[in-house]
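Below: one structure, written as structure tokens.
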Amino acid sequence: MAALVSDVVEGSIAEELGISSGDEILSIDGMKLRDMIDYKFLTASEELTIEIKKTSGEVEEIELEKDFEDDLGIIFESAVFDKIKPCLNHCIFCFVDQQPKGLRKTLYIKDDDYRLSYLQGTYVTLTNLTDEDKKRIKSMSLGPFYVSVHTTNPELRAKMLRNPNAAKIMEELNWFKKNHIPFHAQIVLCPGFNDGEELDRTLKDLTSLKSALLSVAIVPVGITNFREGDLLKDVTKEKAIETIEIANKYKKVCCSDEFFLKAGFDIPPAKYYGNYPQLSDGVGSLRLLLEDFKKCKLPKSIKSPLKLVFASSTAAYTAVKQIADRFNKVKKLECITLPVKSEYWGKNITVAGLITSDDLINTVKDTDADFVVIPSVMLKPYSEDFLDGNNLDYVKAKTKKEFLVINNSYSFKEVADFVNSFS
């Protein structure tokens with residue numbers, strides 16, 4: 001891997017310097033870059049010397065002066081420029097191992113890199129954290145991190161992650177506490193393993209870390225059609241209720257939206273989620289969606305009839321239907337909500353990010369909608385590709401429908417603005 005430029009921001013310093021897509025940043029002030037952490041640290045200076053290898057193969061050295069807070073405006077192909085730290089675990093609940101062949105190559109990558117956790121909010125287990133890594137984290141005061149804890153019981157964690165090194169989790173987290181390194185914790189709840197009394201023990205241990213612990217997210221295990229064996233069990237309604245009751249005993253602990261849906265409970269109010277620290281884990285995404293929609297302004301009427309179909313994940317269906325009902329108060333506007341059932345993955349997979357093109361097609365092909373509304377999370381970032389390899393043009397051709405893709409998956413403002421354009 002290398003520090004390859006993917007793009008540059010229009011009007012940026014990088015554009016003025018003639019840096020372009022395909023160029024490689026060899027060094028800054030004589031230092032080679034391992035990742036975006038190095039890049040951000042080195043480019044904070046007011047005087048820089050940048051060594052660049054152009055797409056032609058020519059190497060240039062550029063000296064520049066800038067204000068301390070000015071960003072160069074370089075967009076890289078990857079946040080890590082050297083080799084990504086691989087996952088050394090074989091977790092009993094690993095979603096990557098529950099996938100069939102033939103999907104996007106990136107879906108089979110099993111990384112466990114603390115740098116991606118810091119830079120992008122991905123979850124790490126800390127089982128491959130070296131003394132050198134710790135030295136860098138401490139010296140640069142990095143954090144917060146997102147840690148997949150699952151359980152603090154040493155023997156159980158080693159069993160669940162199938163890695164004896166996983167038993168040292170509290171030792172690693174206490175090092176975080178000692179060095180004032182904040183972290184968010186994740187627990188994938190697997191009935192029969194880390195639920196009930198084990199969950200209670202884990203939450204007690206985590207809360208003992210005090211200010212180092214920023215939040216805890218509990219999410220249900222996902223079981224696909226492609227999983228072999230019956231080692232794992234789905235979270236039932238009773239188990240969801242039990243888990244919510246245990247979580248409610250502790251501060252900073254939230255269950256994902258799926259637990260409340262499985263329990264048959266209403267989604268909690270906004271104050272339950274604080275500042276929504278673990279949205280990417282589905283913790284508070286539905287409440288944020290509903291709260292954000294309250295700010296949207298809709299017209300009383302539009303000029304000509306318009307019909308929208310909201311293609312929703314089954315997990316988000318109830319919340320999206322509430323929003324659709326509000327849209328339906330606009331005269332000449334008709335909105336219906338269709339949950340996309342996951343025939344591909346199985347009934348236990350209910351999130352929008354795993355919806356395949358064919359499941360979407362089967363859901364909306366017989367509607368007479370003018371536009372089908374979908375969240376961008378259904379697509380690969382910065383593309384129109386679904387995870388099964390097909391793209392949005394393929395779906396349009398199969399359904400003969402027009403699509404409106406919402407860029408912000410936690411907001412319906414874009415849809416409200418779209419409707420307002422017809423008034």
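Residue names in the structure tokens use chain letters A, B, ... in the order shown, residue numbers from 1 in each chain, and ligand numbers from 1 in the order shown.
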Wanna dump the stretch 196-265 of chain A-stretch 96-101 of chain A contacts at 7 Å for me, each residue with its shortest atom pair and the distance in Å to one decimal, counting only C-alpha atoms, ordered by chain and number, as a tab-separated table?
residue	atom	partner	partner_atom	distance
A:Thr224	CA	A:Gln98	CA	6.3
A:Phe226	CA	A:Gln98	CA	5.5
A:Arg227	CA	A:Gln98	CA	5.0
- [ ] Looking only at alpha helix (DSSP H) from DSSP on the backbone, list the matching residues of stretch 126-205 of chain A as a VMD selection string.
- [x] chain A and resid 131 to 140 154 to 161 169 to 178 196 to 205
- [ ] Find the spatial neighbours of A:Ser342, counting only C-alpha atoms, within a cut-off of 12 Å - ignore same-chain residues fewer than 5 positions away - and output them as a list of chain:residue names.
- [x]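 Within the cut-off, the hits are A:Ile223, A:Thr224, A:Asn225, A:Ser312, A:Ser313, A:Thr314, A:Ala315, A:Lys347, A:Asn348, A:Ile349, A:Thr350, A:Val351, A:Ala352, A:Gly353, A:Leu354, A:Ile355, A:Thr356, A:Ser357, A:Asp358, A:Asp359, A:Leu360, A:Ile361, A:Asn362, A:Thr363.
The shortest atom-to-atom distance to A:Val188, with only C-alpha atoms taken into account, belongs to A:Val219 out of A:Leu290, A:Val219, A:Cys91, A:Ile62.
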TODO: Find the spatial neighbours of A:Thr367, counting only C-alpha atoms, within a cut-off of 9 Å - ignore same-chain residues fewer than 3 positions away - and output them as a list in words.
DONE: Val309, Thr363, Val364, Thr399 and Lys401 of chain A
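Checking A:Leu199, A:Leu4, A:Ala397, A:Leu88 one by one against A:Ala158, counting only C-alpha atoms, you find the shortest gap at A:Leu88.
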Task: Point-to-point distance from atom CA of A:Leu173 to atom CA of A:Ile84, Å rounded to tenths - done: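 Between these atoms lies a distance of 22.2 Å.
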Task: Between atom CA of A:Lys294 and atom CA of A:Tyr382, distance in Å (one decimal) - done: 28.1 Å
TODO: May I have the residues within 12 Å of A:Glu171 as a VMD selection string, using only C-alpha atoms and disregarding those fewer than 6 positions away in the same chain?
DONE: chain A and resid 126 to 127 129 152 to 154 165 177 to 178 205 to 206 209
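Proximity to A:Lys329 was assessed for A:Thr130, A:Lys300, A:Lys413, A:Tyr317 counting only C-alpha atoms; the smallest distance is recorded for A:Lys300.
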